[in-house]
Amino acid sequence: MQRIYPELPILRDRSLWLAGQFDRPSVFIETDLVSDKAHTPRADRIIEDVGLVFHYDTERRGAEDAGEPVPLDLSPFFLYLRQQRFCVVSQRFGIMMVIEAPRIRPMNDRMEVTFRYSYLLHIPKLMIIDDGQQLQKIDEFRIHFEND
């Protein structure tokens with residue numbers, strides 16, 4: 001989100017969002033775990049739903065008038081997703097997210113965007129032998145053979 005809208009404040013605290021204690025314009029982000037399944041012995045496939053609520057700024061004509069909402073241009077967001085072919089690398093977590101097509105719900109003072117994404121999460125596998133010692137992973141193989 002910060003690559004596309006670097007000056008847009010991001011709100012993650014649901015209680016502050018529900019109380020309306022945030023600046024406008026801003027975006028509220030909420031994720032919900034849908035599935036966590038083993039994909040390979042060393043990776044899990046995580047599927048999450050995400051909701052983005054883009055709150056519009058309001059025109060201020062005077063102290064007594066709050067004004068009309070000024071819609072935030074979301075075309076850079078959708079253009080970025082299309083350019084990345086809906087595969088976005090998270091700089092924060094170092095994962096590749098595969099994003100499904102977003103669903104849009106326009107409202108008077110905000111725009112709600114929901115979509116599902118998935119990613120693979122590396123699971124380190126510890127191999128322990130009978131005596132409780134950790135078995136070291138073999139990273140280098142040497143092959144020796146004799147010619148007759």
# chains A, B, ... in the order shown; residues from 1 in each chain; ligands from 1
>>> residues_around(residues="segment 39-48 of chain A", least_positions_apart="2", cutoff="6 Å", atoms="only C-alpha atoms", output="ChimeraX atom specification")
/A:32-37,116-123
>>> select_by_dssp(residues="chain A", states="helix (DSSP H, G or I)", output="list of chain:residue names")
A:Arg14, A:Ser15, A:Leu16, A:Trp17, A:Leu18, A:Ala19, A:Ser75, A:Pro76, A:Phe77, A:Phe78, A:Leu79, A:Tyr80, A:Leu81, A:Arg82, A:Gln83
>>> closest_residue(among="A:Glu140, A:Glu68, A:Asp57, A:Asp49", to="Val98 of chain A", atoms="only C-alpha atoms")
A:Asp49
>>> select_by_dssp(residues="segment 49-131 of chain A", states="strand (DSSP E)", output="PyMOL selection string")
chain A and resi 49-55+57-58+69-70+87-90+95-99+103-106+110-122
>>> closest_residue(among="A:Gln2, A:Gln133, A:Thr31, A:Ser15", to="Ser90 of chain A", atoms="only C-alpha atoms")
A:Gln2
>>> closest_residue(among="A:Met107, A:Leu79, A:Ile129, A:Ala101", to="Ile4 of chain A", atoms="only C-alpha atoms")
A:Leu79
>>> residues_around(residues="segment 5-14 of chain A", least_positions_apart="3", cutoff="9 Å", atoms="only C-alpha atoms", output="list of chain:residue names")
A:Met1, A:Gln2, A:Trp17, A:Leu18, A:Ala19, A:Phe22, A:Asp23, A:Arg24, A:Pro25, A:Ser26, A:Val27, A:Phe28, A:Ile29, A:Glu30, A:Pro76, A:Phe77
>>> write_last_selection(atoms="all heavy atoms", output="compact mmCIF listing (two decimals), in the first residue's frame")
# COMPACT_ATOMS: atom_id res chain seq x y z
N MET A 1 0.82 -1.19 0.00
CA MET A 1 0.00 0.00 0.00
C MET A 1 0.87 1.27 0.00
O MET A 1 0.56 2.23 -0.67
CB MET A 1 -0.91 -0.05 1.21
CG MET A 1 -1.97 0.99 1.23
SD MET A 1 -3.12 1.00 -0.15
CE MET A 1 -3.74 -0.65 -0.14
N GLN A 2 1.97 1.22 0.75
CA GLN A 2 2.82 2.41 0.84
C GLN A 2 3.62 2.66 -0.42
O GLN A 2 4.07 3.77 -0.63
CB GLN A 2 3.73 2.31 2.05
CG GLN A 2 2.95 2.42 3.34
CD GLN A 2 3.83 2.52 4.55
OE1 GLN A 2 5.00 2.18 4.51
NE2 GLN A 2 3.26 3.00 5.64
N TRP A 17 -10.70 2.40 14.51
CA TRP A 17 -11.46 2.56 13.27
C TRP A 17 -12.96 2.59 13.56
O TRP A 17 -13.68 3.45 13.05
CB TRP A 17 -11.12 1.44 12.30
CG TRP A 17 -11.87 1.51 11.02
CD1 TRP A 17 -11.75 2.47 10.06
CD2 TRP A 17 -12.86 0.60 10.56
NE1 TRP A 17 -12.59 2.20 9.01
CE2 TRP A 17 -13.29 1.06 9.29
CE3 TRP A 17 -13.41 -0.56 11.07
CZ2 TRP A 17 -14.26 0.39 8.55
CZ3 TRP A 17 -14.37 -1.23 10.33
CH2 TRP A 17 -14.78 -0.74 9.09
N LEU A 18 -13.43 1.67 14.40
CA LEU A 18 -14.85 1.64 14.73
C LEU A 18 -15.28 2.90 15.50
O LEU A 18 -16.41 3.36 15.36
CB LEU A 18 -15.18 0.39 15.54
CG LEU A 18 -15.13 -0.92 14.76
CD1 LEU A 18 -15.31 -2.11 15.70
CD2 LEU A 18 -16.18 -0.94 13.66
N ALA A 19 -14.37 3.45 16.31
CA ALA A 19 -14.68 4.67 17.06
C ALA A 19 -14.58 5.93 16.20
O ALA A 19 -14.97 7.00 16.62
CB ALA A 19 -13.74 4.79 18.26
N PHE A 22 -9.60 8.58 13.52
CA PHE A 22 -8.54 8.51 12.53
C PHE A 22 -8.64 9.73 11.63
O PHE A 22 -9.69 10.37 11.55
CB PHE A 22 -8.62 7.22 11.71
CG PHE A 22 -9.94 6.99 11.04
CD1 PHE A 22 -10.19 7.49 9.77
CD2 PHE A 22 -10.95 6.29 11.68
CE1 PHE A 22 -11.40 7.29 9.15
CE2 PHE A 22 -12.17 6.08 11.06
CZ PHE A 22 -12.40 6.58 9.80
N ASP A 23 -7.53 10.03 10.98
CA ASP A 23 -7.49 11.16 10.05
C ASP A 23 -8.00 10.73 8.69
O ASP A 23 -7.92 9.57 8.32
CB ASP A 23 -6.05 11.68 9.92
CG ASP A 23 -5.53 12.25 11.22
OD1 ASP A 23 -6.35 12.79 11.99
OD2 ASP A 23 -4.31 12.14 11.47
N ARG A 24 -8.51 11.69 7.96
CA ARG A 24 -8.94 11.45 6.58
C ARG A 24 -8.09 12.28 5.65
O ARG A 24 -7.76 13.39 6.00
CB ARG A 24 -10.42 11.84 6.41
CG ARG A 24 -11.32 10.92 7.18
CD ARG A 24 -12.76 11.41 7.07
NE ARG A 24 -13.65 10.58 7.82
CZ ARG A 24 -14.40 9.61 7.30
NH1 ARG A 24 -14.38 9.40 6.01
NH2 ARG A 24 -15.18 8.89 8.05
N PRO A 25 -7.70 11.82 4.53
CA PRO A 25 -7.91 10.49 3.97
C PRO A 25 -7.01 9.46 4.63
O PRO A 25 -5.94 9.79 5.13
CB PRO A 25 -7.54 10.66 2.50
CG PRO A 25 -6.52 11.73 2.49
CD PRO A 25 -6.91 12.66 3.62
N SER A 26 -7.46 8.22 4.64
CA SER A 26 -6.68 7.11 5.20
C SER A 26 -7.24 5.81 4.68
O SER A 26 -8.28 5.78 4.02
CB SER A 26 -6.72 7.15 6.73
OG SER A 26 -8.04 6.97 7.18
N VAL A 27 -6.53 4.74 4.99
CA VAL A 27 -7.00 3.41 4.61
C VAL A 27 -6.92 2.50 5.83
O VAL A 27 -5.96 2.52 6.58
CB VAL A 27 -6.18 2.83 3.42
CG1 VAL A 27 -4.72 2.67 3.77
CG2 VAL A 27 -6.76 1.51 2.96
N PHE A 28 -8.00 1.76 6.05
CA PHE A 28 -8.06 0.77 7.12
C PHE A 28 -7.84 -0.60 6.49
O PHE A 28 -8.48 -0.93 5.49
CB PHE A 28 -9.41 0.83 7.84
CG PHE A 28 -9.62 -0.29 8.81
CD1 PHE A 28 -8.88 -0.37 9.97
CD2 PHE A 28 -10.56 -1.27 8.55
CE1 PHE A 28 -9.07 -1.41 10.87
CE2 PHE A 28 -10.77 -2.31 9.45
CZ PHE A 28 -10.02 -2.38 10.61
N ILE A 29 -6.93 -1.39 7.06
CA ILE A 29 -6.62 -2.72 6.54
C ILE A 29 -6.95 -3.75 7.61
O ILE A 29 -6.53 -3.62 8.76
CB ILE A 29 -5.14 -2.84 6.16
CG1 ILE A 29 -4.78 -1.82 5.09
CG2 ILE A 29 -4.81 -4.25 5.70
CD1 ILE A 29 -3.30 -1.78 4.73
N GLU A 30 -7.69 -4.78 7.19
CA GLU A 30 -8.01 -5.89 8.09
C GLU A 30 -7.87 -7.20 7.34
O GLU A 30 -8.34 -7.31 6.20
CB GLU A 30 -9.42 -5.75 8.64
CG GLU A 30 -9.77 -6.80 9.66
CD GLU A 30 -11.13 -6.57 10.29
OE1 GLU A 30 -12.09 -6.28 9.56
OE2 GLU A 30 -11.22 -6.68 11.52
N PRO A 76 -4.44 4.11 -9.53
CA PRO A 76 -3.05 3.65 -9.37
C PRO A 76 -2.95 2.30 -8.65
O PRO A 76 -2.09 1.48 -8.97
CB PRO A 76 -2.38 4.75 -8.54
CG PRO A 76 -3.20 5.96 -8.78
CD PRO A 76 -4.60 5.47 -8.97
N PHE A 77 -3.84 2.05 -7.69
CA PHE A 77 -3.84 0.78 -6.96
C PHE A 77 -4.16 -0.38 -7.90
O PHE A 77 -3.44 -1.39 -7.94
CB PHE A 77 -4.86 0.86 -5.82
CG PHE A 77 -5.04 -0.44 -5.08
CD1 PHE A 77 -4.03 -0.95 -4.29
CD2 PHE A 77 -6.23 -1.14 -5.16
CE1 PHE A 77 -4.20 -2.14 -3.60
CE2 PHE A 77 -6.41 -2.32 -4.48
CZ PHE A 77 -5.38 -2.82 -3.70
